[in-house]
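Coordinates as given in input.txt (compact mmCIF, N, CA and C atoms):
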# COMPACT_ATOMS: atom_id res chain seq x y z
N MET C 13 5.49 -6.39 13.95
CA MET C 13 4.62 -5.97 12.87
C MET C 13 5.40 -5.07 11.93
N ASN C 14 5.10 -5.20 10.64
CA ASN C 14 5.70 -4.36 9.62
C ASN C 14 4.65 -3.45 9.03
N TYR C 15 5.10 -2.42 8.34
CA TYR C 15 4.22 -1.43 7.74
C TYR C 15 4.59 -1.29 6.28
N TRP C 16 3.57 -1.09 5.44
CA TRP C 16 3.75 -1.08 4.00
C TRP C 16 2.89 0.01 3.38
N LEU C 17 3.15 0.27 2.12
CA LEU C 17 2.29 1.13 1.32
C LEU C 17 2.09 0.44 -0.03
N VAL C 18 0.85 0.38 -0.47
CA VAL C 18 0.54 -0.13 -1.81
C VAL C 18 -0.16 0.99 -2.59
N LYS C 19 0.06 0.96 -3.89
CA LYS C 19 -0.51 1.98 -4.76
C LYS C 19 -1.51 1.36 -5.72
N SER C 20 -2.57 2.12 -5.96
CA SER C 20 -3.53 1.72 -6.98
C SER C 20 -4.11 2.97 -7.62
N GLU C 21 -4.23 2.93 -8.92
CA GLU C 21 -4.91 4.02 -9.61
C GLU C 21 -6.40 3.87 -9.31
N PRO C 22 -7.06 4.93 -8.83
CA PRO C 22 -8.46 4.79 -8.41
C PRO C 22 -9.41 4.32 -9.50
N PHE C 23 -9.09 4.63 -10.77
CA PHE C 23 -9.99 4.17 -11.83
C PHE C 23 -9.84 2.66 -12.07
N LYS C 24 -8.70 2.08 -11.63
CA LYS C 24 -8.50 0.64 -11.76
C LYS C 24 -9.01 -0.10 -10.53
N TYR C 25 -8.64 0.39 -9.34
CA TYR C 25 -9.11 -0.23 -8.09
C TYR C 25 -9.05 0.81 -6.99
N SER C 26 -10.20 1.35 -6.66
CA SER C 26 -10.29 2.43 -5.69
C SER C 26 -10.50 1.90 -4.27
N TRP C 27 -10.27 2.77 -3.31
CA TRP C 27 -10.52 2.42 -1.91
C TRP C 27 -12.00 2.05 -1.73
N GLU C 28 -12.88 2.78 -2.39
CA GLU C 28 -14.32 2.52 -2.27
C GLU C 28 -14.66 1.11 -2.76
N LYS C 29 -14.05 0.70 -3.86
CA LYS C 29 -14.27 -0.66 -4.38
C LYS C 29 -13.70 -1.68 -3.40
N PHE C 30 -12.55 -1.40 -2.86
CA PHE C 30 -11.90 -2.28 -1.88
C PHE C 30 -12.80 -2.47 -0.66
N GLU C 31 -13.36 -1.38 -0.15
CA GLU C 31 -14.27 -1.50 1.00
C GLU C 31 -15.51 -2.33 0.65
N LYS C 32 -16.02 -2.13 -0.53
CA LYS C 32 -17.19 -2.88 -0.98
C LYS C 32 -16.85 -4.38 -1.10
N ASP C 33 -15.67 -4.68 -1.64
CA ASP C 33 -15.25 -6.08 -1.82
C ASP C 33 -14.94 -6.77 -0.49
N LYS C 34 -14.49 -5.99 0.51
CA LYS C 34 -14.13 -6.49 1.85
C LYS C 34 -12.85 -7.33 1.89
N LEU C 35 -12.30 -7.69 0.74
CA LEU C 35 -11.08 -8.48 0.65
C LEU C 35 -10.59 -8.41 -0.79
N THR C 36 -9.28 -8.35 -0.96
CA THR C 36 -8.75 -8.37 -2.32
C THR C 36 -7.44 -9.12 -2.36
N THR C 37 -7.17 -9.70 -3.51
CA THR C 37 -5.88 -10.30 -3.79
C THR C 37 -5.07 -9.23 -4.51
N TRP C 38 -3.91 -8.86 -3.94
CA TRP C 38 -3.08 -7.80 -4.54
C TRP C 38 -2.23 -8.42 -5.62
N ASP C 39 -2.78 -8.46 -6.84
CA ASP C 39 -2.14 -9.17 -7.95
C ASP C 39 -1.62 -8.20 -9.00
N GLY C 40 -0.96 -8.76 -9.99
CA GLY C 40 -0.50 -7.99 -11.13
C GLY C 40 0.82 -7.27 -10.93
N VAL C 41 1.48 -7.48 -9.80
CA VAL C 41 2.76 -6.83 -9.54
C VAL C 41 3.82 -7.47 -10.43
N ARG C 42 4.51 -6.66 -11.23
CA ARG C 42 5.51 -7.18 -12.16
C ARG C 42 6.83 -6.42 -12.03
N ASN C 43 7.19 -6.10 -10.82
CA ASN C 43 8.46 -5.46 -10.52
C ASN C 43 9.11 -6.31 -9.44
N TYR C 44 10.38 -6.68 -9.63
CA TYR C 44 11.03 -7.60 -8.70
C TYR C 44 11.15 -7.04 -7.29
N GLN C 45 11.44 -5.77 -7.15
CA GLN C 45 11.55 -5.20 -5.81
C GLN C 45 10.18 -5.19 -5.11
N ALA C 46 9.14 -4.81 -5.83
CA ALA C 46 7.79 -4.84 -5.27
C ALA C 46 7.40 -6.28 -4.93
N ARG C 47 7.76 -7.24 -5.78
CA ARG C 47 7.49 -8.65 -5.52
C ARG C 47 8.19 -9.11 -4.24
N ASN C 48 9.44 -8.69 -4.07
CA ASN C 48 10.18 -9.05 -2.86
C ASN C 48 9.52 -8.47 -1.62
N ASN C 49 8.96 -7.28 -1.75
CA ASN C 49 8.23 -6.69 -0.63
C ASN C 49 6.97 -7.49 -0.31
N LEU C 50 6.26 -7.95 -1.33
CA LEU C 50 5.09 -8.81 -1.10
C LEU C 50 5.50 -10.07 -0.35
N ARG C 51 6.65 -10.62 -0.73
CA ARG C 51 7.16 -11.84 -0.10
C ARG C 51 7.41 -11.63 1.41
N GLU C 52 7.82 -10.43 1.78
CA GLU C 52 8.13 -10.13 3.18
C GLU C 52 6.90 -9.82 4.04
N MET C 53 5.77 -9.56 3.42
CA MET C 53 4.57 -9.21 4.19
C MET C 53 4.12 -10.39 5.05
N GLN C 54 3.69 -10.06 6.27
CA GLN C 54 3.25 -11.08 7.22
C GLN C 54 1.82 -10.79 7.69
N LEU C 55 1.14 -11.84 8.15
CA LEU C 55 -0.21 -11.68 8.67
C LEU C 55 -0.25 -10.56 9.70
N GLY C 56 -1.24 -9.70 9.57
CA GLY C 56 -1.42 -8.62 10.53
C GLY C 56 -0.66 -7.35 10.22
N ASP C 57 0.27 -7.40 9.26
CA ASP C 57 0.98 -6.18 8.88
C ASP C 57 -0.02 -5.13 8.41
N GLN C 58 0.27 -3.87 8.71
CA GLN C 58 -0.59 -2.76 8.34
C GLN C 58 -0.10 -2.15 7.03
N VAL C 59 -1.05 -1.75 6.18
CA VAL C 59 -0.74 -1.31 4.83
C VAL C 59 -1.47 -0.01 4.53
N LEU C 60 -0.72 1.01 4.16
CA LEU C 60 -1.33 2.26 3.70
C LEU C 60 -1.76 2.10 2.25
N PHE C 61 -2.96 2.54 1.94
CA PHE C 61 -3.54 2.41 0.59
C PHE C 61 -3.47 3.79 -0.07
N TYR C 62 -2.69 3.87 -1.15
CA TYR C 62 -2.41 5.13 -1.83
C TYR C 62 -3.06 5.16 -3.20
N HIS C 63 -3.81 6.24 -3.48
CA HIS C 63 -4.36 6.45 -4.81
C HIS C 63 -3.31 7.18 -5.64
N SER C 64 -2.78 6.51 -6.66
CA SER C 64 -1.75 7.10 -7.51
C SER C 64 -2.37 7.75 -8.74
N ASN C 65 -1.57 8.56 -9.40
CA ASN C 65 -1.95 9.30 -10.62
C ASN C 65 -3.10 10.27 -10.37
N GLU C 66 -4.25 9.77 -10.01
CA GLU C 66 -5.43 10.58 -9.72
C GLU C 66 -5.53 10.72 -8.21
N GLY C 67 -5.51 11.93 -7.70
CA GLY C 67 -5.63 12.12 -6.27
C GLY C 67 -4.27 12.22 -5.59
N LYS C 68 -3.39 11.26 -5.84
CA LYS C 68 -2.07 11.22 -5.21
C LYS C 68 -2.17 11.44 -3.71
N GLU C 69 -2.86 10.49 -3.05
CA GLU C 69 -3.10 10.63 -1.62
C GLU C 69 -3.30 9.28 -0.97
N ILE C 70 -2.93 9.21 0.31
CA ILE C 70 -3.18 8.01 1.10
C ILE C 70 -4.60 8.13 1.62
N VAL C 71 -5.41 7.10 1.36
CA VAL C 71 -6.83 7.19 1.66
C VAL C 71 -7.31 6.24 2.75
N GLY C 72 -6.53 5.19 3.04
CA GLY C 72 -7.00 4.22 4.02
C GLY C 72 -5.90 3.30 4.51
N ILE C 73 -6.30 2.45 5.46
CA ILE C 73 -5.40 1.45 6.04
C ILE C 73 -5.99 0.07 5.79
N ALA C 74 -5.12 -0.83 5.33
CA ALA C 74 -5.51 -2.23 5.09
C ALA C 74 -4.64 -3.12 5.97
N GLU C 75 -4.98 -4.39 5.96
CA GLU C 75 -4.22 -5.38 6.74
C GLU C 75 -3.95 -6.61 5.89
N VAL C 76 -2.77 -7.18 6.06
CA VAL C 76 -2.43 -8.42 5.37
C VAL C 76 -3.16 -9.57 6.06
N VAL C 77 -3.99 -10.29 5.30
CA VAL C 77 -4.75 -11.42 5.88
C VAL C 77 -4.32 -12.77 5.30
N ARG C 78 -3.49 -12.74 4.28
CA ARG C 78 -2.89 -13.97 3.75
C ARG C 78 -1.52 -13.62 3.19
N GLU C 79 -0.52 -14.35 3.63
CA GLU C 79 0.84 -14.09 3.19
C GLU C 79 1.03 -14.54 1.75
N SER C 80 2.18 -14.21 1.18
CA SER C 80 2.42 -14.37 -0.26
C SER C 80 2.21 -15.79 -0.77
N TYR C 81 1.67 -15.85 -1.98
CA TYR C 81 1.47 -17.10 -2.71
C TYR C 81 1.49 -16.79 -4.20
N GLN C 82 1.53 -17.82 -5.01
CA GLN C 82 1.61 -17.69 -6.47
C GLN C 82 0.50 -16.79 -7.01
N ASP C 83 0.88 -15.84 -7.85
CA ASP C 83 -0.09 -14.95 -8.48
C ASP C 83 -0.97 -15.76 -9.43
N PRO C 84 -2.28 -15.82 -9.17
CA PRO C 84 -3.17 -16.63 -10.01
C PRO C 84 -3.42 -16.05 -11.40
N THR C 85 -2.94 -14.82 -11.65
CA THR C 85 -3.15 -14.21 -12.96
C THR C 85 -2.06 -14.58 -13.96
N THR C 86 -1.08 -15.39 -13.52
CA THR C 86 0.00 -15.80 -14.42
C THR C 86 0.50 -17.19 -14.03
N GLU C 87 1.03 -17.90 -15.01
CA GLU C 87 1.64 -19.20 -14.72
C GLU C 87 3.12 -19.06 -14.36
N ASP C 88 3.65 -17.84 -14.52
CA ASP C 88 5.05 -17.57 -14.19
C ASP C 88 5.21 -17.57 -12.67
N THR C 89 5.99 -18.51 -12.17
CA THR C 89 6.14 -18.69 -10.71
C THR C 89 6.98 -17.60 -10.05
N ASN C 90 7.50 -16.66 -10.83
CA ASN C 90 8.25 -15.54 -10.26
C ASN C 90 7.36 -14.54 -9.53
N TRP C 91 6.07 -14.56 -9.82
CA TRP C 91 5.19 -13.49 -9.34
C TRP C 91 4.29 -13.96 -8.20
N LEU C 92 4.13 -13.08 -7.22
CA LEU C 92 3.40 -13.40 -5.99
C LEU C 92 2.27 -12.40 -5.74
N VAL C 93 1.38 -12.78 -4.85
CA VAL C 93 0.31 -11.90 -4.38
C VAL C 93 0.19 -12.05 -2.87
N VAL C 94 -0.53 -11.13 -2.25
CA VAL C 94 -0.99 -11.26 -0.87
C VAL C 94 -2.47 -10.90 -0.87
N ASP C 95 -3.16 -11.30 0.18
CA ASP C 95 -4.56 -10.89 0.35
C ASP C 95 -4.61 -9.79 1.40
N LEU C 96 -5.41 -8.77 1.10
CA LEU C 96 -5.58 -7.63 1.99
C LEU C 96 -7.04 -7.42 2.29
N LYS C 97 -7.31 -6.89 3.49
CA LYS C 97 -8.67 -6.46 3.83
C LYS C 97 -8.62 -5.02 4.29
N PRO C 98 -9.65 -4.24 3.99
CA PRO C 98 -9.67 -2.85 4.45
C PRO C 98 -9.88 -2.81 5.96
N VAL C 99 -9.17 -1.92 6.63
CA VAL C 99 -9.33 -1.72 8.07
C VAL C 99 -10.15 -0.46 8.31
N LYS C 100 -9.68 0.67 7.76
CA LYS C 100 -10.47 1.89 7.90
C LYS C 100 -10.04 2.94 6.89
N LYS C 101 -11.01 3.74 6.53
CA LYS C 101 -10.76 4.90 5.69
C LYS C 101 -10.21 6.01 6.59
N LEU C 102 -9.24 6.75 6.10
CA LEU C 102 -8.69 7.85 6.89
C LEU C 102 -9.72 8.98 6.97
N LYS C 103 -9.76 9.64 8.13
CA LYS C 103 -10.68 10.78 8.30
C LYS C 103 -10.37 11.86 7.27
N LYS C 104 -9.07 12.15 7.12
CA LYS C 104 -8.61 13.09 6.11
C LYS C 104 -7.52 12.39 5.30
N THR C 105 -7.61 12.47 4.00
CA THR C 105 -6.56 11.88 3.17
C THR C 105 -5.25 12.64 3.41
N VAL C 106 -4.15 11.96 3.16
CA VAL C 106 -2.83 12.58 3.28
C VAL C 106 -2.23 12.65 1.87
N THR C 107 -2.07 13.85 1.38
CA THR C 107 -1.63 14.04 0.00
C THR C 107 -0.12 13.89 -0.15
N LEU C 108 0.29 13.61 -1.37
CA LEU C 108 1.71 13.53 -1.69
C LEU C 108 2.39 14.86 -1.37
N GLU C 109 1.70 15.95 -1.61
CA GLU C 109 2.23 17.28 -1.30
C GLU C 109 2.52 17.42 0.20
N GLN C 110 1.58 16.96 1.05
CA GLN C 110 1.79 17.00 2.50
C GLN C 110 2.99 16.14 2.90
N ILE C 111 3.09 14.97 2.28
CA ILE C 111 4.19 14.05 2.59
C ILE C 111 5.53 14.68 2.21
N LYS C 112 5.60 15.27 1.03
CA LYS C 112 6.84 15.89 0.57
C LYS C 112 7.25 17.07 1.44
N SER C 113 6.29 17.75 2.04
CA SER C 113 6.61 18.94 2.83
C SER C 113 6.87 18.63 4.31
N ASN C 114 6.78 17.35 4.70
CA ASN C 114 6.98 16.97 6.10
C ASN C 114 8.38 16.40 6.28
N ASP C 115 9.19 17.06 7.11
CA ASP C 115 10.58 16.63 7.33
C ASP C 115 10.67 15.20 7.85
N LEU C 116 9.71 14.76 8.64
CA LEU C 116 9.74 13.40 9.19
C LEU C 116 9.56 12.34 8.10
N LEU C 117 9.06 12.76 6.95
CA LEU C 117 8.78 11.81 5.87
C LEU C 117 9.75 11.97 4.69
N SER C 118 10.84 12.66 4.90
CA SER C 118 11.76 12.95 3.80
C SER C 118 12.43 11.71 3.21
N ASN C 119 12.48 10.61 3.95
CA ASN C 119 13.11 9.38 3.43
C ASN C 119 12.10 8.31 3.03
N ILE C 120 10.83 8.62 3.07
CA ILE C 120 9.81 7.62 2.74
C ILE C 120 9.97 7.19 1.28
N GLY C 121 9.75 5.91 1.04
CA GLY C 121 9.89 5.35 -0.30
C GLY C 121 9.01 6.02 -1.34
N LEU C 122 7.88 6.52 -0.93
CA LEU C 122 6.95 7.18 -1.85
C LEU C 122 7.62 8.35 -2.56
N ILE C 123 8.55 8.99 -1.87
CA ILE C 123 9.28 10.10 -2.48
C ILE C 123 10.54 9.58 -3.18
N ARG C 124 11.29 8.71 -2.53
CA ARG C 124 12.56 8.23 -3.06
C ARG C 124 12.39 7.29 -4.25
N GLN C 125 11.34 6.44 -4.23
CA GLN C 125 11.10 5.46 -5.29
C GLN C 125 9.66 5.58 -5.77
N GLY C 126 9.35 6.71 -6.33
CA GLY C 126 7.98 7.06 -6.68
C GLY C 126 7.24 6.07 -7.56
N ARG C 127 7.96 5.27 -8.34
CA ARG C 127 7.29 4.36 -9.26
C ARG C 127 7.05 2.97 -8.67
N LEU C 128 7.61 2.70 -7.50
CA LEU C 128 7.46 1.39 -6.88
C LEU C 128 6.04 1.24 -6.31
N SER C 129 5.37 0.13 -6.63
CA SER C 129 3.95 -0.03 -6.28
C SER C 129 3.70 -0.67 -4.91
N VAL C 130 4.71 -1.34 -4.36
CA VAL C 130 4.59 -1.96 -3.04
C VAL C 130 5.89 -1.65 -2.30
N MET C 131 5.79 -0.92 -1.18
CA MET C 131 7.02 -0.52 -0.49
C MET C 131 6.87 -0.60 1.02
N LYS C 132 7.99 -0.81 1.66
CA LYS C 132 8.04 -0.84 3.12
C LYS C 132 7.96 0.59 3.64
N VAL C 133 7.32 0.76 4.80
CA VAL C 133 7.21 2.04 5.47
C VAL C 133 7.70 1.83 6.89
N GLU C 134 8.51 2.74 7.39
CA GLU C 134 8.98 2.66 8.78
C GLU C 134 7.83 3.00 9.72
N LYS C 135 7.87 2.46 10.94
CA LYS C 135 6.81 2.70 11.93
C LYS C 135 6.62 4.20 12.17
N MET C 136 7.72 4.93 12.30
CA MET C 136 7.64 6.37 12.52
C MET C 136 6.94 7.06 11.35
N GLU C 137 7.20 6.62 10.13
CA GLU C 137 6.55 7.20 8.95
C GLU C 137 5.05 6.88 8.96
N PHE C 138 4.73 5.64 9.29
CA PHE C 138 3.32 5.21 9.39
C PHE C 138 2.61 6.07 10.43
N ASP C 139 3.19 6.19 11.60
CA ASP C 139 2.58 6.97 12.69
C ASP C 139 2.42 8.44 12.30
N THR C 140 3.41 9.00 11.61
CA THR C 140 3.33 10.39 11.17
C THR C 140 2.17 10.58 10.20
N ILE C 141 2.01 9.65 9.27
CA ILE C 141 0.91 9.74 8.31
C ILE C 141 -0.43 9.63 9.02
N ILE C 142 -0.54 8.74 9.98
CA ILE C 142 -1.78 8.61 10.72
C ILE C 142 -2.11 9.92 11.46
N LYS C 143 -1.11 10.55 12.07
CA LYS C 143 -1.32 11.85 12.75
C LYS C 143 -1.79 12.90 11.77
N LEU C 144 -1.21 12.92 10.57
CA LEU C 144 -1.61 13.89 9.56
C LEU C 144 -3.07 13.67 9.10
N SER C 145 -3.56 12.46 9.25
CA SER C 145 -4.90 12.13 8.75
C SER C 145 -6.01 12.49 9.75
N LYS C 146 -5.63 12.95 10.92
CA LYS C 146 -6.66 13.26 11.96
C LYS C 146 -7.06 14.71 11.95

Since I need it in another form, could you write the structure as structure tokens?
Amino acid sequence: MNYWLVKSEPFKYSWEKFEKDKLTTWDGVRNYQARNNLREMQLGDQVLFYHSNEGKEIVGIAEVVRESYQDPTTEDTNWLVVDLKPVKKLKKTVTLEQIKSNDLLSNIGLIRQGRLSVMKVEKMEFDTIIKLSK
């Protein structure tokens, strides 16, 4: 199993909307590195859901339920999507400030590549974030 983090601005697509929808197609990614990460996602992979710009916090865990396929929002075959379903809302959100101040998370992509919208997370980083959320 692999672990990932996806970002969404809450005014565009919030965790609450995601839970209400019960399933979403993660579309609109227009960065090649983020696209390559979507390509690597596999069924059952766990995904941290991060509210960017507003809040700047990890709010929930999602799961990959359909592996990458052509992004239906464009005819350009360079772009891919995956389908995600919400698994659970975190008891306590984990803020960017908490992540930056935790030595175990010093190499997480969220800090190193702050503008990347879809990134791989190491198991230890995922587990550390889950511990911080309890």

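The residues of stretch 87-135 of chain C that DSSP classifies as strand (DSSP E or B), using the backbone of this structure, are C:Leu92, C:Val93, C:Val94, C:Asp95, C:Leu96, C:Lys97, C:Pro98, C:Val99, C:Lys100, C:Lys101, C:Leu102, C:Lys103, C:Lys104, C:Thr105, C:Val106, C:Thr107, C:Val130, C:Met131, C:Lys132, C:Val133.
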
As an exercise, work out the distance from atom N of C:Asn14 to atom CA of C:Val76 in Å and give it to one decimal place. 9.7 Å

Polymer residues at most 8 Å from C:Glu52, all atoms listed in the file, same-chain spacing of 4 or more positions, as a count of residues only: 6

Using all atoms listed in the file, which of C:Val93, C:Val18, C:Arg42, C:Arg78 sits nearest C:Leu60?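 Among the listed residues, the smallest separation from C:Leu60 belongs to C:Val18.
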
Expressed in Å to a single decimal, how great is the separation between atom CA of C:Gly72 and atom CA of C:Leu122?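 For atom CA of C:Gly72 relative to atom CA of C:Leu122, the distance reads 15.4 Å.
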
Distance of atom CA of C:Asp95 from atom CA of C:Ile141, expressed in Å to one decimal place: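 According to the coordinates, atom CA of C:Ile141 and atom CA of C:Asp95 are separated by 22.8 Å.
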
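Using only C-alpha atoms, the smallest distance between any of C:Trp16, C:Phe138, C:Pro98, C:Val133 and C:Lys29 comes from C:Pro98.
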
With only C-alpha atoms as the atoms that count, which of C:Asp139, C:Glu28, C:Asp83, C:Glu69 lies nearest to C:Glu109?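 Closest to C:Glu109, using only C-alpha atoms: C:Glu69.
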
Skipping near chain neighbours, those fewer than 2 positions away, what residues fall within 6 Å of C:Gly56 using all atoms listed in the file, listed as a PDB file with N, CA and C atoms, in the frame of the given file?
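Once everything was written out, this is result_37.pdb:
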ATOM      1  N   GLN C  54       3.690 -10.060   6.270  1.00  0.00           N
ATOM      2  CA  GLN C  54       3.250 -11.080   7.220  1.00  0.00           C
ATOM      3  C   GLN C  54       1.820 -10.790   7.690  1.00  0.00           C
ATOM      4  N   GLN C  58       0.270  -3.870   8.710  1.00  0.00           N
ATOM      5  CA  GLN C  58      -0.590  -2.760   8.340  1.00  0.00           C
ATOM      6  C   GLN C  58      -0.100  -2.150   7.030  1.00  0.00           C
ATOM      7  N   GLU C  75      -4.980  -4.390   5.960  1.00  0.00           N
ATOM      8  CA  GLU C  75      -4.220  -5.380   6.740  1.00  0.00           C
ATOM      9  C   GLU C  75      -3.950  -6.610   5.890  1.00  0.00           C
ATOM     10  N   VAL C  76      -2.770  -7.180   6.060  1.00  0.00           N
ATOM     11  CA  VAL C  76      -2.430  -8.420   5.370  1.00  0.00           C
ATOM     12  C   VAL C  76      -3.160  -9.570   6.060  1.00  0.00           C
ATOM     13  N   VAL C  77      -3.990 -10.290   5.300  1.00  0.00           N
ATOM     14  CA  VAL C  77      -4.750 -11.420   5.880  1.00  0.00           C
ATOM     15  C   VAL C  77      -4.320 -12.770   5.300  1.00  0.00           C
TER      16      VAL C  77
END

Chain C: residues DSSP assigns to helix (DSSP H, G or I), reported as a PyMOL selection string: chain C and resi 27-33+44-52+108-112+115-117+121-124+135-144

Leaving out C:Tyr62 and any residue of its chain fewer than 2 positions from it, which residues lie within 9 Å of it when counting only C-alpha atoms, given as a list in words? Leu17, Val18, Lys19, Ser20, Glu21, Pro22, Trp27, Leu60, Ser64, Gly67, Lys68, Glu69, Ile70, Val71 and Gly72 of chain C

Suppose we keep N, CA and C atoms; can you now write the selection as a PDB file, in the coordinates of the input?
ATOM      1  N   LEU C  17       3.150   0.270   2.120  1.00  0.00           N
ATOM      2  CA  LEU C  17       2.290   1.130   1.320  1.00  0.00           C
ATOM      3  C   LEU C  17       2.090   0.440  -0.030  1.00  0.00           C
ATOM      4  N   VAL C  18       0.850   0.380  -0.470  1.00  0.00           N
ATOM      5  CA  VAL C  18       0.540  -0.130  -1.810  1.00  0.00           C
ATOM      6  C   VAL C  18      -0.160   0.990  -2.590  1.00  0.00           C
ATOM      7  N   LYS C  19       0.060   0.960  -3.890  1.00  0.00           N
ATOM      8  CA  LYS C  19      -0.510   1.980  -4.760  1.00  0.00           C
ATOM      9  C   LYS C  19      -1.510   1.360  -5.720  1.00  0.00           C
ATOM     10  N   SER C  20      -2.570   2.120  -5.960  1.00  0.00           N
ATOM     11  CA  SER C  20      -3.530   1.720  -6.980  1.00  0.00           C
ATOM     12  C   SER C  20      -4.110   2.970  -7.620  1.00  0.00           C
ATOM     13  N   GLU C  21      -4.230   2.930  -8.920  1.00  0.00           N
ATOM     14  CA  GLU C  21      -4.910   4.020  -9.610  1.00  0.00           C
ATOM     15  C   GLU C  21      -6.400   3.870  -9.310  1.00  0.00           C
ATOM     16  N   PRO C  22      -7.060   4.930  -8.830  1.00  0.00           N
ATOM     17  CA  PRO C  22      -8.460   4.790  -8.410  1.00  0.00           C
ATOM     18  C   PRO C  22      -9.410   4.320  -9.500  1.00  0.00           C
ATOM     19  N   TRP C  27     -10.270   2.770  -3.310  1.00  0.00           N
ATOM     20  CA  TRP C  27     -10.520   2.420  -1.910  1.00  0.00           C
ATOM     21  C   TRP C  27     -12.000   2.050  -1.730  1.00  0.00           C
ATOM     22  N   LEU C  60      -0.720   1.010   4.160  1.00  0.00           N
ATOM     23  CA  LEU C  60      -1.330   2.260   3.700  1.00  0.00           C
ATOM     24  C   LEU C  60      -1.760   2.100   2.250  1.00  0.00           C
ATOM     25  N   SER C  64      -2.780   6.510  -6.660  1.00  0.00           N
ATOM     26  CA  SER C  64      -1.750   7.100  -7.510  1.00  0.00           C
ATOM     27  C   SER C  64      -2.370   7.750  -8.740  1.00  0.00           C
ATOM     28  N   GLY C  67      -5.510  11.930  -7.700  1.00  0.00           N
ATOM     29  CA  GLY C  67      -5.630  12.120  -6.270  1.00  0.00           C
ATOM     30  C   GLY C  67      -4.270  12.220  -5.590  1.00  0.00           C
ATOM     31  N   LYS C  68      -3.390  11.260  -5.840  1.00  0.00           N
ATOM     32  CA  LYS C  68      -2.070  11.220  -5.210  1.00  0.00           C
ATOM     33  C   LYS C  68      -2.170  11.440  -3.710  1.00  0.00           C
ATOM     34  N   GLU C  69      -2.860  10.490  -3.050  1.00  0.00           N
ATOM     35  CA  GLU C  69      -3.100  10.630  -1.620  1.00  0.00           C
ATOM     36  C   GLU C  69      -3.300   9.280  -0.970  1.00  0.00           C
ATOM     37  N   ILE C  70      -2.930   9.210   0.310  1.00  0.00           N
ATOM     38  CA  ILE C  70      -3.180   8.010   1.100  1.00  0.00           C
ATOM     39  C   ILE C  70      -4.600   8.130   1.620  1.00  0.00           C
ATOM     40  N   VAL C  71      -5.410   7.100   1.360  1.00  0.00           N
ATOM     41  CA  VAL C  71      -6.830   7.190   1.660  1.00  0.00           C
ATOM     42  C   VAL C  71      -7.310   6.240   2.750  1.00  0.00           C
ATOM     43  N   GLY C  72      -6.530   5.190   3.040  1.00  0.00           N
ATOM     44  CA  GLY C  72      -7.000   4.220   4.020  1.00  0.00           C
ATOM     45  C   GLY C  72      -5.900   3.300   4.510  1.00  0.00           C
TER      46      GLY C  72
END
